[in-house]
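Asks: Just final_9.cif, nothing more (mmCIF, C-alpha atoms):
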data_data
#
loop_
_atom_site.label_atom_id
_atom_site.label_comp_id
_atom_site.auth_asym_id
_atom_site.auth_seq_id
_atom_site.Cartn_x
_atom_site.Cartn_y
_atom_site.Cartn_z
CA MET A 1 95.67 65.69 77.05
CA LEU A 2 96.73 63.81 80.08
CA SER A 3 100.03 65.64 80.20
CA LEU A 4 98.26 69.00 79.96
CA GLU A 5 95.89 68.04 82.75
CA ILE A 6 98.75 66.96 84.94
CA PHE A 7 100.56 70.21 84.26
CA ARG A 8 97.42 72.20 85.18
CA ILE A 9 97.05 70.26 88.42
CA PHE A 10 100.74 70.85 89.18
CA CYS A 11 100.32 74.59 88.67
CA ILE A 12 97.31 74.69 91.00
CA LEU A 13 99.20 72.78 93.69
CA TYR A 14 102.26 75.00 93.23
CA GLY A 15 100.09 78.09 93.65
CA ILE A 16 98.49 76.68 96.79
CA LEU A 17 101.86 75.68 98.18
CA SER A 18 103.33 79.10 97.37
CA ARG A 19 100.51 80.89 99.14
CA LEU A 20 100.89 78.60 102.14
CA THR A 21 104.62 79.23 102.16
CA VAL A 22 104.17 83.00 102.01
CA ARG A 23 101.54 82.90 104.73
CA LEU A 24 103.75 80.70 106.87
CA PHE A 25 106.65 83.11 106.34
CA ILE A 26 104.42 86.02 107.32
CA GLU A 27 103.21 84.15 110.40
CA ILE A 28 106.78 83.35 111.37
CA LYS A 29 107.87 86.99 110.87
CA THR A 30 104.86 88.23 112.80
CA TYR A 31 105.62 85.81 115.60
CA MET A 32 109.26 86.83 115.70
CA LEU A 33 108.40 90.53 115.58
CA TYR A 34 105.89 90.13 118.39
CA HIS A 35 108.37 88.39 120.63
CA THR A 36 111.04 90.94 119.73
CA ILE A 37 108.70 93.75 120.68
CA MET A 38 107.66 92.03 123.86
CA LYS A 39 111.29 91.40 124.73
CA ALA A 40 112.14 95.02 123.93
CA LYS A 41 109.24 96.17 126.07
CA LYS A 42 110.62 94.14 128.92
CA HIS A 43 114.04 95.74 128.39
CA ILE A 44 112.53 99.22 128.11
CA GLY A 45 110.53 98.66 131.26
CA LEU A 46 113.59 97.40 133.07
CA ALA A 47 115.58 100.41 131.84
CA LEU A 48 112.87 102.83 132.94
CA PHE A 49 112.72 101.14 136.33
CA LEU A 50 116.49 101.37 136.75
CA ILE A 51 116.52 105.05 135.71
CA LEU A 52 113.74 105.83 138.18
CA PHE A 53 115.43 103.85 140.96
CA ILE A 54 118.83 105.50 140.42
CA SER A 55 117.20 108.96 140.30
CA ILE A 56 115.48 108.37 143.62
CA ILE A 57 118.74 107.15 145.23
CA TYR A 58 120.61 110.16 143.85
CA ILE A 59 118.01 112.58 145.17
CA ILE A 60 118.17 110.97 148.61
CA LEU A 61 121.97 110.96 148.76
CA ALA A 62 122.71 114.26 147.04
CA ALA A 63 119.88 116.35 148.37
CA LYS A 64 120.97 118.96 150.93
CA PRO A 65 118.69 121.20 152.97
CA LEU A 66 118.59 124.79 151.85
CA ASN A 67 121.01 126.99 153.76
CA LYS A 68 119.33 128.92 156.47
CA GLU A 69 119.65 132.66 156.19
CA TYR A 70 120.47 135.01 159.02
CA SER A 71 117.71 137.33 160.11
CA PHE A 72 118.39 140.62 161.90
CA THR A 73 115.51 141.91 164.00
CA PRO A 74 115.50 145.30 165.78
CA VAL A 75 114.64 144.83 169.45
CA TRP A 76 114.88 148.32 170.93
CA LYS A 77 116.42 151.74 170.38
CA ILE A 78 117.24 154.22 173.15
CA SER A 79 118.43 157.80 173.13
CA THR A 80 121.56 158.88 174.95
CA ALA A 81 120.73 162.60 174.59
CA ASN A 82 118.52 162.84 177.67
CA PRO A 83 118.47 159.32 179.08
CA VAL A 84 116.36 158.06 181.95
CA ILE A 85 118.72 156.50 184.49
CA VAL A 86 117.69 153.11 185.86
CA GLU A 87 119.62 151.28 188.59
CA SER A 88 121.55 148.32 187.22
CA ASP A 89 119.91 145.78 189.56
CA ASN A 90 123.08 143.64 189.29
CA LYS A 91 122.51 142.94 185.60
CA PRO A 92 125.57 142.66 183.34
CA GLN A 93 126.50 146.05 181.92
CA SER A 94 128.02 147.10 178.61
CA TYR A 95 129.81 150.41 178.20
CA PHE A 96 129.25 153.08 175.61
CA HIS A 97 131.39 156.00 174.47
CA LEU A 98 129.79 158.34 171.96
CA GLY A 99 131.37 161.71 171.36
CA GLN A 100 131.92 163.35 174.73
CA THR A 101 129.49 161.07 176.58
CA LEU A 102 130.02 157.77 178.36
CA GLY A 103 127.91 155.36 180.31
CA TYR A 104 126.63 151.84 180.83
CA PHE A 105 123.51 150.01 179.69
CA ASP A 106 122.04 146.51 180.01
CA ALA A 107 120.49 144.03 177.57
CA ASP A 108 117.01 145.42 178.22
CA GLY A 109 117.98 148.94 177.11
CA ASN A 110 118.22 150.48 180.57
CA ILE A 111 120.96 153.09 181.05
CA SER A 112 122.42 152.83 184.54
CA LEU A 113 125.09 155.53 184.24
CA TYR A 114 125.54 158.55 182.01
CA LYS A 115 128.25 161.21 182.07
CA THR A 116 129.74 163.89 179.88
CA PHE A 117 133.44 164.70 179.94
CA PRO A 118 135.56 167.53 178.52
CA ALA A 119 138.76 165.80 177.39
CA LYS A 120 139.68 162.11 177.21
CA VAL A 121 138.28 158.85 178.54
CA SER A 122 139.32 155.24 178.97
CA ILE A 123 136.48 152.79 179.55
CA SER A 124 135.75 149.07 179.70
CA ASN A 125 132.86 146.98 181.00
CA SER A 126 134.48 147.10 184.45
CA TYR A 127 136.02 150.59 184.85
CA TYR A 128 136.17 154.08 183.44
CA ALA A 129 138.27 157.19 183.99
CA THR A 130 138.30 160.66 182.48
CA TYR A 131 141.60 162.52 182.22
CA ASN A 132 143.51 165.23 180.38
CA SER A 133 146.96 165.49 178.79
CA GLU A 134 148.59 166.00 182.21
CA ALA A 135 147.02 162.99 183.88
CA LYS A 136 148.34 162.40 187.37
CA ASN A 137 146.82 160.53 190.32
CA THR A 138 143.84 159.74 188.12
CA GLU A 139 140.68 158.60 189.87
CA PHE A 140 138.84 155.72 188.23
CA PHE A 141 135.40 154.28 188.85
CA ASN A 142 133.42 151.07 188.70
CA SER A 143 130.66 150.62 186.15
CA ASP A 144 128.07 151.62 188.76
CA GLY A 145 129.81 154.98 189.29
CA THR A 146 131.38 154.20 192.65
CA LYS A 147 135.02 155.11 193.09
CA ALA A 148 137.34 152.15 192.54
CA GLY A 149 140.68 153.80 193.31
CA VAL A 150 143.40 156.18 192.23
CA ILE A 151 146.09 155.34 189.70
CA GLU A 152 149.31 156.29 191.44
CA ALA A 153 151.54 156.73 188.43
CA SER A 154 151.43 159.73 186.08
CA GLY A 155 150.25 158.86 182.59
CA PHE A 156 147.26 157.80 180.53
CA PRO A 157 145.05 155.06 182.03
CA TYR A 158 143.99 152.11 179.93
CA PHE A 159 141.40 149.48 180.87
CA CYS A 160 141.00 146.10 179.19
CA ASN A 161 138.04 144.37 180.81
CA ASP A 162 139.12 144.21 184.48
CA LEU A 163 142.83 144.77 183.77
CA ILE A 164 144.27 148.21 184.61
CA TYR A 165 147.31 149.81 182.99
CA VAL A 166 148.86 153.25 182.76
CA PHE A 167 151.04 154.37 179.85
CA LEU A 168 153.88 156.46 181.21
CA PRO A 169 155.16 159.76 179.77
CA GLY A 170 157.49 159.32 176.79
CA GLY A 171 155.49 156.51 175.17
CA CYS A 172 158.07 153.78 175.83
CA SER A 173 156.94 152.39 179.18
CA PHE A 174 153.81 151.30 181.04
CA SER A 175 152.75 149.94 184.40
CA LYS A 176 150.22 147.33 185.39
CA CYS A 177 148.06 148.29 188.36
CA SER A 178 145.95 146.56 190.97
CA ASP A 179 142.18 146.97 191.23
CA THR A 180 142.78 149.96 193.50
CA GLY A 181 145.33 151.65 191.25
CA LYS A 182 148.53 150.57 192.99
CA VAL A 183 151.43 149.89 190.61
CA LEU A 184 152.24 146.16 190.53
CA TRP A 185 155.09 146.19 188.02
CA THR A 186 156.49 148.40 185.27
CA PHE A 187 157.84 147.69 181.82
CA GLU A 188 160.55 150.20 181.01
CA GLY A 189 161.41 150.38 177.32
CA THR A 190 163.69 152.51 175.18
CA PHE A 191 161.66 152.35 171.96
CA PRO A 192 158.13 153.74 171.46
CA ILE A 193 155.24 151.35 172.01
CA THR A 194 153.39 150.89 168.72
CA ALA A 195 151.11 147.93 169.52
CA PHE A 196 149.62 146.57 172.73
CA VAL A 197 147.30 143.76 173.82
CA ALA A 198 146.30 142.46 177.24
CA LYS A 199 144.96 139.01 178.10
CA SER A 200 144.19 137.45 181.46
CA LYS A 201 147.63 135.84 181.90
CA TYR A 202 149.84 137.76 179.50
CA THR A 203 150.50 141.23 178.18
CA ALA A 204 152.11 141.61 174.76
CA VAL A 205 153.73 144.79 173.49
CA GLY A 206 155.09 145.66 170.05
CA LEU A 207 157.79 148.27 169.64
CA SER A 208 158.95 150.63 166.92
CA ASN A 209 162.20 148.68 166.48
CA GLY A 210 160.24 145.62 165.35
CA THR A 211 160.42 143.52 168.52
CA ILE A 212 157.57 141.87 170.44
CA LYS A 213 157.76 141.23 174.15
CA VAL A 214 155.37 138.98 176.10
CA LEU A 215 155.15 139.68 179.82
CA ASN A 216 153.75 137.53 182.61
CA ASN A 217 150.89 139.38 184.25
CA GLU A 218 151.77 138.05 187.69
CA ASN A 219 155.17 139.69 187.98
CA GLY A 220 155.91 141.51 184.72
CA ALA A 221 158.72 139.13 183.77
CA THR A 222 159.55 139.03 180.06
CA GLU A 223 158.89 135.49 178.83
CA ILE A 224 159.20 136.09 175.09
CA ASP A 225 161.44 138.54 173.20
CA PHE A 226 160.80 138.05 169.50
CA ALA A 227 161.39 139.96 166.26
CA PRO A 228 159.29 138.87 163.23
CA GLY A 229 161.59 140.72 160.81
CA GLY A 230 161.36 140.44 157.04
CA SER A 231 160.90 144.15 156.26
CA ASP A 232 163.15 147.11 155.61
CA TYR A 233 161.58 149.05 158.52
CA PRO A 234 160.43 146.46 161.09
CA VAL A 235 157.91 148.45 163.18
CA ILE A 236 155.12 146.43 164.83
CA LEU A 237 151.73 147.77 163.64
CA GLY A 238 149.32 145.21 165.10
CA ILE A 239 149.54 142.35 167.55
CA ASP A 240 147.49 139.74 169.38
CA ILE A 241 148.29 136.76 171.58
CA SER A 242 146.19 133.67 172.18
CA GLU A 243 144.64 133.25 175.62
CA ASP A 244 147.02 130.43 176.50
CA GLY A 245 150.02 132.44 175.35
CA GLN A 246 151.09 129.80 172.80
CA TYR A 247 150.54 131.85 169.64
CA ILE A 248 151.53 135.38 168.67
CA ALA A 249 150.14 137.03 165.54
CA SER A 250 151.41 140.34 164.21
CA ILE A 251 151.57 142.70 161.27
CA SER A 252 154.87 144.50 160.95
CA GLY A 253 157.14 146.54 158.74
CA HIS A 254 157.20 148.98 155.89
CA ASN A 255 158.58 147.94 152.51
CA GLN A 256 157.70 144.23 152.54
CA GLN A 257 155.00 144.51 155.18
CA ARG A 258 153.85 141.12 156.34
CA PHE A 259 151.68 139.05 158.64
CA VAL A 260 153.49 136.57 160.90
CA LEU A 261 152.02 133.80 163.04
CA SER A 262 154.38 132.12 165.48
CA HIS A 263 154.09 129.32 168.03
CA ARG A 264 155.78 129.15 171.40
CA GLU A 265 158.32 126.40 171.85
CA GLU A 266 159.78 126.59 175.33
CA ASN A 267 160.80 130.27 175.58
CA GLN A 268 161.24 130.87 171.86
CA GLN A 269 158.83 131.62 169.04
CA LYS A 270 158.82 129.55 165.85
CA ILE A 271 157.22 131.11 162.77
CA ILE A 272 154.59 128.70 161.42
CA TYR A 273 152.99 130.95 158.80
CA HIS A 274 153.68 134.29 157.17
CA ARG A 275 152.42 136.35 154.26
CA PHE A 276 153.80 139.41 152.51
CA PHE A 277 151.36 142.07 151.29
CA ASP A 278 151.32 143.68 147.87
CA GLN A 279 150.93 147.15 149.39
CA ASP A 280 151.85 148.58 152.78
CA SER A 281 149.43 150.22 155.16
CA PRO A 282 150.88 153.18 157.06
CA TYR A 283 148.49 152.83 160.01
CA ARG A 284 148.27 150.77 163.13
CA THR A 285 146.02 147.84 162.44
CA ILE A 286 143.98 145.12 164.13
CA VAL A 287 145.04 141.52 164.68
CA HIS A 288 142.55 139.34 166.54
CA PHE A 289 142.36 135.73 167.73
CA SER A 290 138.83 134.33 167.79
CA LYS A 291 137.32 133.43 171.15
CA ASP A 292 137.74 129.71 170.50
CA GLY A 293 141.37 130.25 169.45
CA LYS A 294 140.89 128.47 166.12
CA ARG A 295 141.20 131.47 163.80
CA VAL A 296 143.16 134.69 163.62
CA PHE A 297 141.92 137.79 161.79
CA PHE A 298 144.28 140.45 160.45
CA ASN A 299 143.51 143.69 158.67
CA PHE A 300 145.82 144.87 155.90
CA TYR A 301 145.49 147.38 153.06
CA LYS A 302 142.01 146.94 151.50
CA GLY A 303 141.62 143.45 152.90
CA LEU A 304 140.97 141.10 155.80
CA GLY A 305 142.91 137.87 156.17
CA ILE A 306 141.52 134.92 158.13
CA TYR A 307 143.92 132.11 159.01
CA ASN A 308 142.56 128.82 160.37
CA LEU A 309 144.97 127.21 162.82
CA GLU A 310 143.29 123.79 162.48
CA THR A 311 143.13 123.48 158.69
CA LYS A 312 146.22 125.65 158.03
CA ASP A 313 144.22 127.51 155.37
CA GLU A 314 143.90 131.24 154.81
CA ARG A 315 141.00 133.15 153.32
CA THR A 316 141.04 136.77 152.17
CA LEU A 317 138.02 139.05 152.08
CA GLU A 318 137.87 142.48 150.49
CA LEU A 319 137.60 145.23 153.09
CA LYS A 320 137.78 148.77 151.79
CA ASP A 321 137.45 150.59 155.12
CA LYS A 322 139.97 150.83 157.92
CA LEU A 323 138.98 148.29 160.54
CA LEU A 324 138.13 149.74 163.96
CA SER A 325 136.89 146.77 165.96
CA ILE A 326 136.04 143.06 165.89
CA GLU A 327 133.27 141.58 168.01
CA GLU A 328 131.91 138.03 168.23
CA THR A 329 128.47 136.56 168.91
CA ASP A 330 127.87 132.83 169.41
CA ASP A 331 128.02 132.16 165.65
CA LEU A 332 129.20 135.31 163.91
CA THR A 333 132.12 137.71 163.74
CA ILE A 334 131.10 141.37 163.51
CA LEU A 335 133.45 143.94 162.00
CA MET A 336 133.20 147.72 162.12
CA GLY A 337 135.21 149.81 159.69
CA LYS A 338 135.32 153.51 158.91
CA GLU A 339 136.07 155.70 155.89
CA LYS A 340 135.72 159.42 156.70
CA ASN A 341 132.28 159.72 158.35
CA THR A 342 130.93 156.49 156.89
CA TYR A 343 130.89 153.42 159.11
CA THR A 344 130.43 149.94 157.69
CA VAL A 345 129.36 146.88 159.69
CA SER A 346 130.26 143.54 158.09
CA ILE A 347 129.08 140.12 159.27
CA ILE A 348 131.12 136.92 158.81
CA ASP A 349 129.92 133.42 159.71
CA ASN A 350 131.97 130.55 161.12
CA THR A 351 132.82 129.34 157.61
CA ASP A 352 134.53 132.69 156.93
CA THR A 353 131.79 133.68 154.50
CA LEU A 354 130.69 137.31 154.31
CA GLU A 355 126.97 137.15 155.09
CA GLY A 356 126.28 140.82 154.51
CA SER A 357 127.09 144.40 155.44
CA PHE A 358 125.46 147.78 155.92
CA SER A 359 126.75 151.35 156.15
CA PHE A 360 125.69 154.55 157.87
CA THR A 361 127.07 158.01 158.51
CA ALA A 362 127.84 159.27 161.99
CA ASP A 363 130.27 161.43 163.92
CA SER A 364 130.91 158.62 166.41
CA ALA A 365 129.84 155.00 166.66
CA PHE A 366 130.57 151.70 168.37
CA ILE A 367 129.49 148.09 168.19
CA HIS A 368 129.29 145.42 170.91
CA ALA A 369 128.21 141.79 170.64
CA ALA A 370 126.85 139.39 173.23
CA ASP A 371 125.10 136.04 172.90
CA ASN A 372 123.14 136.35 169.64
CA SER A 373 122.68 140.10 169.69
CA ILE A 374 124.64 143.12 168.54
CA TYR A 375 124.47 146.59 170.07
CA LEU A 376 125.04 149.46 167.70
CA GLY A 377 125.80 152.95 168.99
CA LYS A 378 125.46 155.93 166.70
CA ASP A 379 125.92 159.56 167.80
CA ASN A 380 123.16 159.87 170.42
CA SER A 381 121.39 156.51 170.20
CA ILE A 382 121.95 152.81 170.93
CA SER A 383 120.08 149.98 169.20
CA LYS A 384 119.83 146.28 170.00
CA ILE A 385 119.56 143.89 167.05
CA SER A 386 118.75 140.22 167.55
CA ILE A 387 120.31 137.66 165.21
CA SER A 388 118.58 134.40 164.31
CA ARG A 389 118.93 131.85 161.54
CA GLU A 390 115.80 130.80 159.70
#
Could you take the file, read its structure, and then write that structure out as structure tokens?
Replies:
Amino acid sequence: MLSLEIFRIFCILYGILSRLTVRLFIEIKTYMLYHTIMKAKKHIGLALFLILFISIIYIILAAKPLNKEYSFTPVWKISTANPVIVESDNKPQSYFHLGQTLGYFDADGNISLYKTFPAKVSISNSYYATYNSEAKNTEFFNSDGTKAGVIEASGFPYFCNDLIYVFLPGGCSFSKCSDTGKVLWTFEGTFPITAFVAKSKYTAVGLSNGTIKVLNNENGATEIDFAPGGSDYPVILGIDISEDGQYIASISGHNQQRFVLSHREENQQKIIYHRFFDQDSPYRTIVHFSKDGKRVFFNFYKGLGIYNLETKDERTLELKDKLLSIEETDDLTILMGKEKNTYTVSIIDNTDTLEGSFSFTADSAFIHAADNSIYLGKDNSISKISISRE
């Protein structure tokens, strides 16, 4: 009996001890799980904090302001059919040539001079002259209509700002004239002139035999005689020279037509960049240094090339129309092209990005640019459009 009682007591104690052990195990597990969760919560909180902190830093560092878009606002539109003439009052004047009419207007839309002419005209912001195919002793006039002088030599007058030239019969020679029309010096060539550009200090001429000559405007002396070469038929189709006379850019040749940019080293030109085109253009074309001298634009078949002299990079934009003119505002480059009777105006920013374009039909048109405005002439009207960035 005693042994049975002892065994019963042992079983009771074992059961109590087992329950205590299980409870203790549960308490220990619960304690460990709690601390694990609390530790995990701390880690999760720290992770969330770090993610939030890094996101904020990224937003601050990577965020860029939205690009401002250009806005084009019509300012005024005037008719050139029956204009009201207003004296210039010494305001800067811009010229217009639409059809068989010419004249001058100011930034406020006042026309100070208006004339019709039967044959041909040469005009700039400083001078104008009307002439025919037998031009001789041609009178030319200031922008206010007063007589400036008479061009002594026979030939077709050409004005580039305040510079005066006359292209002589035969197409191979030209003279530079004074502000009264007196011949200062004459370039006498044996090959037809196919490209021409005038700057304040230099005049550059391209010839049908593929040579380029740069003349000093003071005395007409030839300072550069250069042939870009590289083509089967090396005719010069477009040319420009930088204001300081250090760079010459040209498009030349048929069969392997190419663009060539050269730099002046003493009295020789060194080619620093060139590009062949996939297809030739049979027409004279436009080559243009920007006003700041940092870029050069050149028009080739179905395209416009832009070469940056600082970065040595070139960018090509599609341009379906034949380019007629390039104008510059403070921030933009304005192009006007033509295909049949459709004119297209394209706008390029200083990053060489095409910002937009628009087209219209007309028999004659022009575009000028000044400050942050463009002036668009179309048949018998002129419009001023203000450009802003918002």
Asks: Mind telling me what the PyMOL selection byres ((chain A and resi 128-145) around 9) catches here, as a PyMOL selection string?
Replies: chain A and resi 87-88+93-95+102-104+112-113+117-127+146-159+180-181
Asks: Once you have the residues from the selection above, write them out as an mmCIF file, in the frame of the given file, restricted to C-alpha atoms.
Replies:
data_model
loop_
_atom_site.group_PDB
_atom_site.id
_atom_site.type_symbol
_atom_site.label_atom_id
_atom_site.label_comp_id
_atom_site.auth_asym_id
_atom_site.auth_seq_id
_atom_site.Cartn_x
_atom_site.Cartn_y
_atom_site.Cartn_z
ATOM 1 C CA GLU A 87 119.620 151.280 188.590
ATOM 2 C CA SER A 88 121.550 148.320 187.220
ATOM 3 C CA GLN A 93 126.500 146.050 181.920
ATOM 4 C CA SER A 94 128.020 147.100 178.610
ATOM 5 C CA TYR A 95 129.810 150.410 178.200
ATOM 6 C CA LEU A 102 130.020 157.770 178.360
ATOM 7 C CA GLY A 103 127.910 155.360 180.310
ATOM 8 C CA TYR A 104 126.630 151.840 180.830
ATOM 9 C CA SER A 112 122.420 152.830 184.540
ATOM 10 C CA LEU A 113 125.090 155.530 184.240
ATOM 11 C CA PHE A 117 133.440 164.700 179.940
ATOM 12 C CA PRO A 118 135.560 167.530 178.520
ATOM 13 C CA ALA A 119 138.760 165.800 177.390
ATOM 14 C CA LYS A 120 139.680 162.110 177.210
ATOM 15 C CA VAL A 121 138.280 158.850 178.540
ATOM 16 C CA SER A 122 139.320 155.240 178.970
ATOM 17 C CA ILE A 123 136.480 152.790 179.550
ATOM 18 C CA SER A 124 135.750 149.070 179.700
ATOM 19 C CA ASN A 125 132.860 146.980 181.000
ATOM 20 C CA SER A 126 134.480 147.100 184.450
ATOM 21 C CA TYR A 127 136.020 150.590 184.850
ATOM 22 C CA THR A 146 131.380 154.200 192.650
ATOM 23 C CA LYS A 147 135.020 155.110 193.090
ATOM 24 C CA ALA A 148 137.340 152.150 192.540
ATOM 25 C CA GLY A 149 140.680 153.800 193.310
ATOM 26 C CA VAL A 150 143.400 156.180 192.230
ATOM 27 C CA ILE A 151 146.090 155.340 189.700
ATOM 28 C CA GLU A 152 149.310 156.290 191.440
ATOM 29 C CA ALA A 153 151.540 156.730 188.430
ATOM 30 C CA SER A 154 151.430 159.730 186.080
ATOM 31 C CA GLY A 155 150.250 158.860 182.590
ATOM 32 C CA PHE A 156 147.260 157.800 180.530
ATOM 33 C CA PRO A 157 145.050 155.060 182.030
ATOM 34 C CA TYR A 158 143.990 152.110 179.930
ATOM 35 C CA PHE A 159 141.400 149.480 180.870
ATOM 36 C CA THR A 180 142.780 149.960 193.500
ATOM 37 C CA GLY A 181 145.330 151.650 191.250
#
Asks: What's the separation between atom CA of Gln257 of chain A and atom CA of Gln269 of chain A, in Å to one decimal place?
Replies: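 Here the two named atoms are 19.3 Å from each other.
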Asks: How many Å lie between atom CA of Glu265 of chain A and atom CA of Thr203 of chain A, rounded to one decimal?
Replies: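 Between atom CA of Glu265 of chain A and atom CA of Thr203 of chain A the gap works out to 17.9 Å.
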Asks: Would you work out the distance separating atom CA of Phe298 of chain A from atom CA of Ile367 of chain A, expressed in Å to one decimal?
Replies: 18.4 Å
Asks: Report as an NGL selection string all protein, DNA and RNA residues lying within 8 Å of segment 240-245 of chain A, evaluated on all atoms listed in the file, omitting residues in the same chain fewer than 2 positions from it.
Replies: :A and (196-197 or 199-202 or 204 or 238 or 247-250 or 264 or 287-289 or 293)
Asks: If the PyMOL selection byres ((chain A and resi 300) around 12) is run on the structure shown, which residues does it catch, given as a PyMOL selection string?
Replies: chain A and resi 237-238+250-253+257-259+275-287+297-299+301-306+316-323
Asks: Only C-alpha atoms, please: the residues just picked out, written as an mmCIF file, in the frame of the given file.
Replies:
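Output (part-v4.cif):
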data_model
loop_
_atom_site.group_PDB
_atom_site.id
_atom_site.type_symbol
_atom_site.label_atom_id
_atom_site.label_comp_id
_atom_site.auth_asym_id
_atom_site.auth_seq_id
_atom_site.Cartn_x
_atom_site.Cartn_y
_atom_site.Cartn_z
ATOM 1 C CA LEU A 237 151.730 147.770 163.640
ATOM 2 C CA GLY A 238 149.320 145.210 165.100
ATOM 3 C CA SER A 250 151.410 140.340 164.210
ATOM 4 C CA ILE A 251 151.570 142.700 161.270
ATOM 5 C CA SER A 252 154.870 144.500 160.950
ATOM 6 C CA GLY A 253 157.140 146.540 158.740
ATOM 7 C CA GLN A 257 155.000 144.510 155.180
ATOM 8 C CA ARG A 258 153.850 141.120 156.340
ATOM 9 C CA PHE A 259 151.680 139.050 158.640
ATOM 10 C CA ARG A 275 152.420 136.350 154.260
ATOM 11 C CA PHE A 276 153.800 139.410 152.510
ATOM 12 C CA PHE A 277 151.360 142.070 151.290
ATOM 13 C CA ASP A 278 151.320 143.680 147.870
ATOM 14 C CA GLN A 279 150.930 147.150 149.390
ATOM 15 C CA ASP A 280 151.850 148.580 152.780
ATOM 16 C CA SER A 281 149.430 150.220 155.160
ATOM 17 C CA PRO A 282 150.880 153.180 157.060
ATOM 18 C CA TYR A 283 148.490 152.830 160.010
ATOM 19 C CA ARG A 284 148.270 150.770 163.130
ATOM 20 C CA THR A 285 146.020 147.840 162.440
ATOM 21 C CA ILE A 286 143.980 145.120 164.130
ATOM 22 C CA VAL A 287 145.040 141.520 164.680
ATOM 23 C CA PHE A 297 141.920 137.790 161.790
ATOM 24 C CA PHE A 298 144.280 140.450 160.450
ATOM 25 C CA ASN A 299 143.510 143.690 158.670
ATOM 26 C CA TYR A 301 145.490 147.380 153.060
ATOM 27 C CA LYS A 302 142.010 146.940 151.500
ATOM 28 C CA GLY A 303 141.620 143.450 152.900
ATOM 29 C CA LEU A 304 140.970 141.100 155.800
ATOM 30 C CA GLY A 305 142.910 137.870 156.170
ATOM 31 C CA ILE A 306 141.520 134.920 158.130
ATOM 32 C CA THR A 316 141.040 136.770 152.170
ATOM 33 C CA LEU A 317 138.020 139.050 152.080
ATOM 34 C CA GLU A 318 137.870 142.480 150.490
ATOM 35 C CA LEU A 319 137.600 145.230 153.090
ATOM 36 C CA LYS A 320 137.780 148.770 151.790
ATOM 37 C CA ASP A 321 137.450 150.590 155.120
ATOM 38 C CA LYS A 322 139.970 150.830 157.920
ATOM 39 C CA LEU A 323 138.980 148.290 160.540
#
Asks: Name the residues captured by the PyMOL selection byres ((chain A and resi 223-229) around 8) when it is applied to the shown file; answer as a VMD selection string.
Replies: chain A and resid 210 to 216 221 to 222 230 to 231 234 252 to 253 260 267 to 269
Asks: Could you tell me which of A:Ile374, A:Asn308, A:Val296, A:Lys182 comes closest to Ile334 of chain A if we count all atoms listed in the file?
Replies: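 Checking each candidate against Ile334 of chain A, we get A:Ile374 as the closest.
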Asks: Could you give me the centre and size, in Å to one decimal, of an axis-aligned box around all listed atoms of segment 98-104 of chain A with 5 Å added on every side, as JSON?
Replies:
{"center_x": 129.3, "center_y": 157.6, "center_z": 176.1, "size_x": 15.3, "size_y": 21.5, "size_z": 19.5}
Asks: For Ser359 of chain A, list every protein, DNA or RNA residue within 9 Å, evaluated using all atoms listed in the file, and leave out those in the same chain fewer than 5 positions away; present the list as a VMD selection string.
Replies: chain A and resid 342 to 346
Asks: A:Val166, A:Leu335, A:Ser262, A:His254: which is nearest Tyr233 of chain A, counting all atoms listed in the file?
Replies: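 Of A:Val166, A:Leu335, A:Ser262, A:His254, the one nearest Tyr233 of chain A, counting all atoms listed in the file, is A:His254.
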Asks: A:Glu69, A:Asp352, A:Glu339, A:Asp232: which is nearest Lys294 of chain A, counting all atoms listed in the file?
Replies: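 Of A:Glu69, A:Asp352, A:Glu339, A:Asp232, the one nearest Lys294 of chain A, counting all atoms listed in the file, is A:Asp352.
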Asks: For Lys270 of chain A, which residue among A:Gln246, A:Lys91, A:Glu327, A:Asn372 is the nearest when counting all atoms listed in the file?
Replies: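 Closest to Lys270 of chain A of all the choices is A:Gln246.
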